[in-house]
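Pasted below: upload-v7.txt, compact mmCIF, C-alpha atoms and all ligand atoms.
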```txt
# COMPACT_ATOMS: atom_id res chain seq x y z
CA MET V 1 -80.33 80.59 19.45
CA SER V 2 -82.24 77.99 21.41
CA ASN V 3 -80.42 75.59 23.70
CA THR V 4 -82.71 72.78 24.75
CA GLU V 5 -80.95 70.58 27.30
CA GLN V 6 -81.71 67.68 29.57
CA THR V 7 -80.55 67.42 33.16
CA LEU V 8 -80.94 64.94 35.98
CA SER V 9 -82.87 65.84 39.10
CA ILE V 10 -83.11 63.73 42.23
CA ILE V 11 -85.64 64.31 44.97
CA LYS V 12 -83.69 63.05 47.97
CA PRO V 13 -84.91 60.80 50.83
CA ASP V 14 -85.77 63.68 53.17
CA ALA V 15 -88.22 65.16 50.65
CA VAL V 16 -89.69 61.84 49.47
CA GLU V 17 -90.28 60.92 53.12
CA ARG V 18 -92.18 64.19 53.68
CA ASN V 19 -94.40 63.53 50.62
CA LEU V 20 -92.99 66.51 48.72
CA VAL V 21 -92.60 64.75 45.34
CA ASP V 22 -95.77 66.16 43.73
CA GLU V 23 -95.11 69.67 45.05
CA ILE V 24 -91.51 69.69 43.77
CA LYS V 25 -92.56 68.21 40.39
CA SER V 26 -95.12 70.98 40.02
CA ILE V 27 -92.47 73.64 40.76
CA PHE V 28 -90.38 72.25 37.89
CA GLN V 29 -93.37 72.19 35.55
CA LYS V 30 -94.46 75.73 36.49
CA ASN V 31 -90.93 76.87 35.69
CA GLY V 32 -91.10 75.50 32.16
CA PHE V 33 -89.41 72.11 32.54
CA LYS V 34 -90.81 69.00 30.89
CA ILE V 35 -90.41 65.81 32.91
CA LYS V 36 -89.34 63.39 30.18
CA ASP V 37 -89.02 60.32 32.40
CA SER V 38 -89.15 59.62 36.12
CA LYS V 39 -89.13 56.81 38.65
CA LYS V 40 -89.10 56.18 42.38
CA ILE V 41 -86.26 53.87 43.42
CA HIS V 42 -84.29 52.82 46.47
CA ILE V 43 -80.59 52.48 45.60
CA THR V 44 -77.89 50.55 47.47
CA LYS V 45 -74.95 52.24 49.17
CA ASP V 46 -72.65 50.82 46.44
CA GLU V 47 -74.82 52.45 43.76
CA ALA V 48 -74.82 55.76 45.66
CA SER V 49 -71.01 55.54 45.97
CA GLU V 50 -70.75 55.06 42.22
CA PHE V 51 -73.14 57.92 41.51
CA TYR V 52 -71.30 60.37 43.80
CA LYS V 53 -67.77 59.13 43.02
CA VAL V 54 -66.64 62.66 41.98
CA HIS V 55 -66.87 63.43 45.70
CA GLN V 56 -64.89 60.38 46.86
CA SER V 57 -62.02 62.45 48.26
CA LYS V 58 -64.33 64.67 50.31
CA PRO V 59 -64.72 64.20 54.06
CA PHE V 60 -68.51 63.98 53.70
CA TYR V 61 -68.45 61.24 51.02
CA ASN V 62 -69.31 58.28 53.25
CA ASP V 63 -72.21 60.06 54.97
CA LEU V 64 -73.45 61.36 51.63
CA CYS V 65 -73.59 57.84 50.14
CA SER V 66 -75.24 56.41 53.26
CA TYR V 67 -77.81 59.17 53.13
CA LEU V 68 -78.73 58.84 49.44
CA SER V 69 -79.28 55.11 49.96
CA SER V 70 -81.18 55.53 53.25
CA GLY V 71 -84.65 55.60 51.67
CA PRO V 72 -86.53 55.96 48.39
CA ILE V 73 -85.56 58.72 45.98
CA PHE V 74 -87.42 60.11 42.97
CA VAL V 75 -85.27 60.61 39.85
CA MET V 76 -86.30 62.69 36.83
CA ILE V 77 -85.02 63.71 33.43
CA LEU V 78 -85.86 67.41 33.12
CA GLU V 79 -85.86 69.06 29.71
CA GLY V 80 -85.96 72.75 28.82
CA GLU V 81 -84.02 75.81 27.66
CA ASN V 82 -80.63 75.88 29.43
CA ALA V 83 -82.00 73.18 31.73
CA VAL V 84 -78.74 72.49 33.60
CA LEU V 85 -78.20 76.06 34.78
CA LYS V 86 -81.90 76.80 35.22
CA ASN V 87 -82.33 73.75 37.43
CA ARG V 88 -79.38 74.82 39.58
CA GLU V 89 -80.86 78.29 39.97
CA LEU V 90 -84.23 76.84 40.91
CA MET V 91 -82.63 74.50 43.48
CA GLY V 92 -80.65 77.27 45.19
CA SER V 93 -77.40 77.03 47.16
CA THR V 94 -76.24 73.61 48.37
CA ASP V 95 -76.70 74.69 51.97
CA PRO V 96 -80.37 75.65 52.44
CA LYS V 97 -79.43 78.35 54.92
CA ASN V 98 -77.63 80.22 52.11
CA ALA V 99 -80.32 79.59 49.47
CA SER V 100 -82.35 82.45 47.98
CA GLU V 101 -86.05 82.94 48.67
CA ASN V 102 -88.38 80.67 46.70
CA THR V 103 -85.69 78.19 45.69
CA ILE V 104 -86.46 74.53 46.34
CA ARG V 105 -83.73 74.16 48.95
CA LYS V 106 -84.86 77.32 50.76
CA LEU V 107 -88.47 76.11 50.75
CA PHE V 108 -87.83 72.50 51.75
CA GLY V 109 -84.17 71.84 52.66
CA ILE V 110 -83.38 70.89 56.24
CA SER V 111 -79.56 70.93 56.22
CA ILE V 112 -76.60 70.73 53.82
CA ASP V 113 -77.04 66.92 53.78
CA LYS V 114 -80.83 66.85 53.76
CA ASN V 115 -81.08 69.50 51.07
CA SER V 116 -84.06 67.85 49.32
CA VAL V 117 -82.77 67.85 45.72
CA HIS V 118 -79.73 67.10 43.57
CA GLY V 119 -79.16 68.49 40.08
CA SER V 120 -76.41 67.88 37.52
CA ASP V 121 -73.75 70.60 37.59
CA SER V 122 -72.77 70.63 33.88
CA PRO V 123 -74.11 69.37 30.54
CA ASP V 124 -71.44 66.61 30.48
CA ASN V 125 -72.35 65.40 33.96
CA ALA V 126 -76.04 65.63 33.06
CA LYS V 127 -75.48 63.08 30.27
CA LYS V 128 -73.56 60.77 32.61
CA GLU V 129 -76.08 61.10 35.43
CA ILE V 130 -79.09 60.55 33.14
CA ASN V 131 -77.38 57.46 31.73
CA PHE V 132 -76.68 56.22 35.27
CA PHE V 133 -80.37 56.04 36.14
CA PHE V 134 -81.99 55.71 32.70
CA LYS V 135 -79.74 53.50 30.60
CA SER V 136 -80.51 54.21 26.95
P1 LIG Y 201 -75.62 67.53 45.94
O1 LIG Y 201 -75.96 68.63 45.01
O2 LIG Y 201 -76.45 66.30 45.89
O3 LIG Y 201 -74.09 67.11 45.70
C1 LIG Y 201 -73.30 66.54 46.71
C2 LIG Y 201 -73.92 66.65 48.07
O4 LIG Y 201 -73.03 66.54 49.16
C3 LIG Y 201 -74.55 68.01 48.24
O5 LIG Y 201 -75.70 68.11 47.43
C4 LIG Y 201 -74.81 68.03 49.75
O6 LIG Y 201 -76.07 67.48 50.10
C5 LIG Y 201 -73.71 67.10 50.29
N1 LIG Y 201 -72.76 67.77 51.16
C6 LIG Y 201 -72.53 67.47 52.45
N2 LIG Y 201 -71.58 68.26 52.96
C7 LIG Y 201 -71.18 69.09 51.99
C8 LIG Y 201 -70.23 70.15 51.91
N3 LIG Y 201 -69.48 70.51 52.96
N4 LIG Y 201 -70.10 70.79 50.72
C9 LIG Y 201 -70.83 70.44 49.64
N5 LIG Y 201 -71.76 69.43 49.66
C10 LIG Y 201 -71.93 68.78 50.82
```

Give the structure from this file in structure tokens form.
Ligand code: CMP
Amino acid sequence: MSNTEQTLSIIKPDAVERNLVDEIKSIFQKNGFKIKDSKKIHITKDEASEFYKVHQSKPFYNDLCSYLSSGPIFVMILEGENAVLKNRELMGSTDPKNASENTIRKLFGISIDKNSVHGSDSPDNAKKEINFFFKS
């Protein structure tokens, strides 16, 4: 049975700054995702704190929110078969040094913070995260 899903992808400041947006978009498209909507934005630290609030108890929360608001990001709604899981596989492990060959984080990630992309971790969070950036 088919399972078309949507998920949220963010190209983070480190990758936008290195002009990797078109290259990363083309990786998604070559892997069968449709980019249903997208925009380049620069969010405030308060907005980043709201977006990442599931991590508020973590020691890295403050740095994470400062980082996501440190420069422009490129946000996309990706659509495809099992898009949530497929996007996570294509991104690779959170820490680029543990990511598999040919994943986006292996190809472009610099560190666990500057890991180039974010992707929703479940269908429920995908809906929330899409709604956060693309209010319907
Ligand atoms: P992301 O998928 O955007 O979700 C939360 C982010 O926190 C994660 O990618 C990392 O960039 C960042 N982060 C920083 N330190 C850690 C850590 N120790 N464990 C997990 N994520 C971390």

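Those protein and nucleic acid residues that have any atom within 6 Å of ligand LIG 201 (chain Y) are, using all atoms listed in the file, Phe60, Leu64, Thr94, Ile112, Asp113, Asn115, His118 and Gly119 of chain V.
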
Please identify every residue of range 6-41 of chain V that has at least one atom no farther than 7 Å from an atom of range 70-88 of chain V, counting only C-alpha atoms, and for each give the shortest atom pair and the distance in Å to one decimal, arranged by chain then increasing number, as CSV.
```
residue,atom,partner,partner_atom,distance
V:Gln6,CA,V:Glu79,CA,4.4
V:Thr7,CA,V:Leu78,CA,5.3
V:Leu8,CA,V:Ile77,CA,5.0
V:Ser9,CA,V:Met76,CA,5.2
V:Ile10,CA,V:Val75,CA,4.5
V:Ile11,CA,V:Phe74,CA,5.0
V:Lys12,CA,V:Ile73,CA,5.1
V:Pro13,CA,V:Gly71,CA,5.3
V:Val16,CA,V:Ile73,CA,6.2
V:Gly32,CA,V:Gly80,CA,6.7
V:Phe33,CA,V:Gly80,CA,5.1
V:Lys34,CA,V:Glu79,CA,5.1
V:Ile35,CA,V:Leu78,CA,4.8
V:Lys36,CA,V:Ile77,CA,5.4
V:Asp37,CA,V:Ile77,CA,5.3
V:Ser38,CA,V:Met76,CA,4.2
V:Lys39,CA,V:Val75,CA,5.5
V:Lys40,CA,V:Phe74,CA,4.3
V:Ile41,CA,V:Pro72,CA,5.4
```

Exercise for review: Take CA of Gly109 in chain V and CA of Asn62 in chain V and report the distance between them in Å, one decimal.
Suggested key: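 Pair CA of Gly109 in chain V / CA of Asn62 in chain V returns 20.1 Å.
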
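Closest to Ile130 in chain V among V:Phe51, V:Lys106, V:Phe28, V:Ser93 is V:Phe51, based on all atoms listed in the file.
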
Practice item. Just the residues within 7 Å of Arg105 in chain V, please, counting all atoms listed in the file, with nothing from its chain fewer than 5 positions along; format it as JSON, numbers by chain. Key: {"V": [91, 92, 96, 99, 115, 116]}

Exercise for review: Determine, counting all atoms listed in the file, which protein, DNA and RNA residues have an atom within 10 Å of an atom of Thr44 in chain V; residues of the same chain fewer than 2 positions away are not included. Present the result as a list in words.
Suggested key: Ile41, His42, Asp46, Glu47, Ala48, Ser49, Glu50, Cys65, Ser66, Leu68, Ser69, Ser70 and Gly71 of chain V

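Interatomic distance, CA of Ile43 in chain V against CA of Ser26 in chain V: 24.2 Å.
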
Check your understanding: Between V:Ala15, V:Ala126, V:Val21, V:Val54, which is the closest to Ser111 in chain V once you count all atoms listed in the file?
Key ->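 Of the candidates, the smallest distance to Ser111 in chain V is held by V:Ala15.
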
Point to revise | Gap from CA of Lys30 in chain V to CA of Glu89 in chain V - Å, one decimal | key: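 For CA of Lys30 in chain V relative to CA of Glu89 in chain V, the distance reads 14.3 Å.
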
Exercise for review: Considering all atoms listed in the file, state which residue in the set V:Phe108, V:Lys45, V:Lys97, V:Thr103 is at the smallest distance from Asn19 in chain V.
Suggested key: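 Answer, going by the shortest atom-to-atom distance: V:Phe108.
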
Study note, to complete from the structure: Using all atoms listed in the file, the best pick from V:Leu107, V:Phe134, V:Asp95, V:Asn125 as closest to Lys53 in chain V would be V:Asn125

Check your understanding: Taking into account all atoms listed in the file, which residue in the set V:Pro123, V:Lys58, V:Leu90, V:Glu101 is nearest to Gln29 in chain V?
Key ->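 Closest candidate: V:Leu90.
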
Output range 88-106 of chain V with N, CA and C atoms present, as a PDB file, in the coordinates of the input.
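The resulting file, result-v3.pdb, is shown below:
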```
ATOM      1  N   ARG V  88     -80.227  74.454  38.442  1.00  0.00           N
ATOM      2  CA  ARG V  88     -79.380  74.820  39.580  1.00  0.00           C
ATOM      3  C   ARG V  88     -79.858  76.116  40.237  1.00  0.00           C
ATOM      4  N   GLU V  89     -80.324  77.046  39.406  1.00  0.00           N
ATOM      5  CA  GLU V  89     -80.860  78.290  39.970  1.00  0.00           C
ATOM      6  C   GLU V  89     -82.131  78.021  40.777  1.00  0.00           C
ATOM      7  N   LEU V  90     -82.964  77.149  40.231  1.00  0.00           N
ATOM      8  CA  LEU V  90     -84.230  76.840  40.910  1.00  0.00           C
ATOM      9  C   LEU V  90     -84.012  76.063  42.213  1.00  0.00           C
ATOM     10  N   MET V  91     -82.940  75.240  42.246  1.00  0.00           N
ATOM     11  CA  MET V  91     -82.630  74.500  43.480  1.00  0.00           C
ATOM     12  C   MET V  91     -82.127  75.429  44.571  1.00  0.00           C
ATOM     13  N   GLY V  92     -81.279  76.399  44.199  1.00  0.00           N
ATOM     14  CA  GLY V  92     -80.650  77.270  45.190  1.00  0.00           C
ATOM     15  C   GLY V  92     -79.350  76.692  45.725  1.00  0.00           C
ATOM     16  N   SER V  93     -78.706  77.441  46.624  1.00  0.00           N
ATOM     17  CA  SER V  93     -77.400  77.030  47.160  1.00  0.00           C
ATOM     18  C   SER V  93     -77.463  75.662  47.825  1.00  0.00           C
ATOM     19  N   THR V  94     -76.326  74.955  47.782  1.00  0.00           N
ATOM     20  CA  THR V  94     -76.240  73.610  48.370  1.00  0.00           C
ATOM     21  C   THR V  94     -76.714  73.601  49.819  1.00  0.00           C
ATOM     22  N   ASP V  95     -76.277  74.606  50.567  1.00  0.00           N
ATOM     23  CA  ASP V  95     -76.700  74.690  51.970  1.00  0.00           C
ATOM     24  C   ASP V  95     -77.974  75.533  52.050  1.00  0.00           C
ATOM     25  N   PRO V  96     -79.093  74.918  52.437  1.00  0.00           N
ATOM     26  CA  PRO V  96     -80.370  75.650  52.440  1.00  0.00           C
ATOM     27  C   PRO V  96     -80.315  76.981  53.180  1.00  0.00           C
ATOM     28  N   LYS V  97     -79.432  77.073  54.179  1.00  0.00           N
ATOM     29  CA  LYS V  97     -79.430  78.350  54.920  1.00  0.00           C
ATOM     30  C   LYS V  97     -78.846  79.497  54.099  1.00  0.00           C
ATOM     31  N   ASN V  98     -78.141  79.172  53.016  1.00  0.00           N
ATOM     32  CA  ASN V  98     -77.630  80.220  52.110  1.00  0.00           C
ATOM     33  C   ASN V  98     -78.478  80.380  50.848  1.00  0.00           C
ATOM     34  N   ALA V  99     -79.539  79.592  50.725  1.00  0.00           N
ATOM     35  CA  ALA V  99     -80.320  79.590  49.470  1.00  0.00           C
ATOM     36  C   ALA V  99     -81.258  80.802  49.412  1.00  0.00           C
ATOM     37  N   SER V 100     -81.468  81.297  48.182  1.00  0.00           N
ATOM     38  CA  SER V 100     -82.350  82.450  47.980  1.00  0.00           C
ATOM     39  C   SER V 100     -83.811  82.082  48.202  1.00  0.00           C
ATOM     40  N   GLU V 101     -84.607  83.114  48.494  1.00  0.00           N
ATOM     41  CA  GLU V 101     -86.050  82.940  48.670  1.00  0.00           C
ATOM     42  C   GLU V 101     -86.654  82.225  47.460  1.00  0.00           C
ATOM     43  N   ASN V 102     -87.622  81.362  47.739  1.00  0.00           N
ATOM     44  CA  ASN V 102     -88.380  80.670  46.700  1.00  0.00           C
ATOM     45  C   ASN V 102     -87.616  79.605  45.931  1.00  0.00           C
ATOM     46  N   THR V 103     -86.363  79.331  46.303  1.00  0.00           N
ATOM     47  CA  THR V 103     -85.690  78.190  45.690  1.00  0.00           C
ATOM     48  C   THR V 103     -86.150  76.930  46.426  1.00  0.00           C
ATOM     49  N   ILE V 104     -85.965  75.790  45.768  1.00  0.00           N
ATOM     50  CA  ILE V 104     -86.460  74.530  46.340  1.00  0.00           C
ATOM     51  C   ILE V 104     -85.766  74.223  47.669  1.00  0.00           C
ATOM     52  N   ARG V 105     -84.449  74.473  47.700  1.00  0.00           N
ATOM     53  CA  ARG V 105     -83.730  74.160  48.950  1.00  0.00           C
ATOM     54  C   ARG V 105     -84.110  75.126  50.070  1.00  0.00           C
ATOM     55  N   LYS V 106     -84.406  76.377  49.721  1.00  0.00           N
ATOM     56  CA  LYS V 106     -84.860  77.320  50.760  1.00  0.00           C
ATOM     57  C   LYS V 106     -86.230  76.893  51.284  1.00  0.00           C
TER      58      LYS V 106
END
```
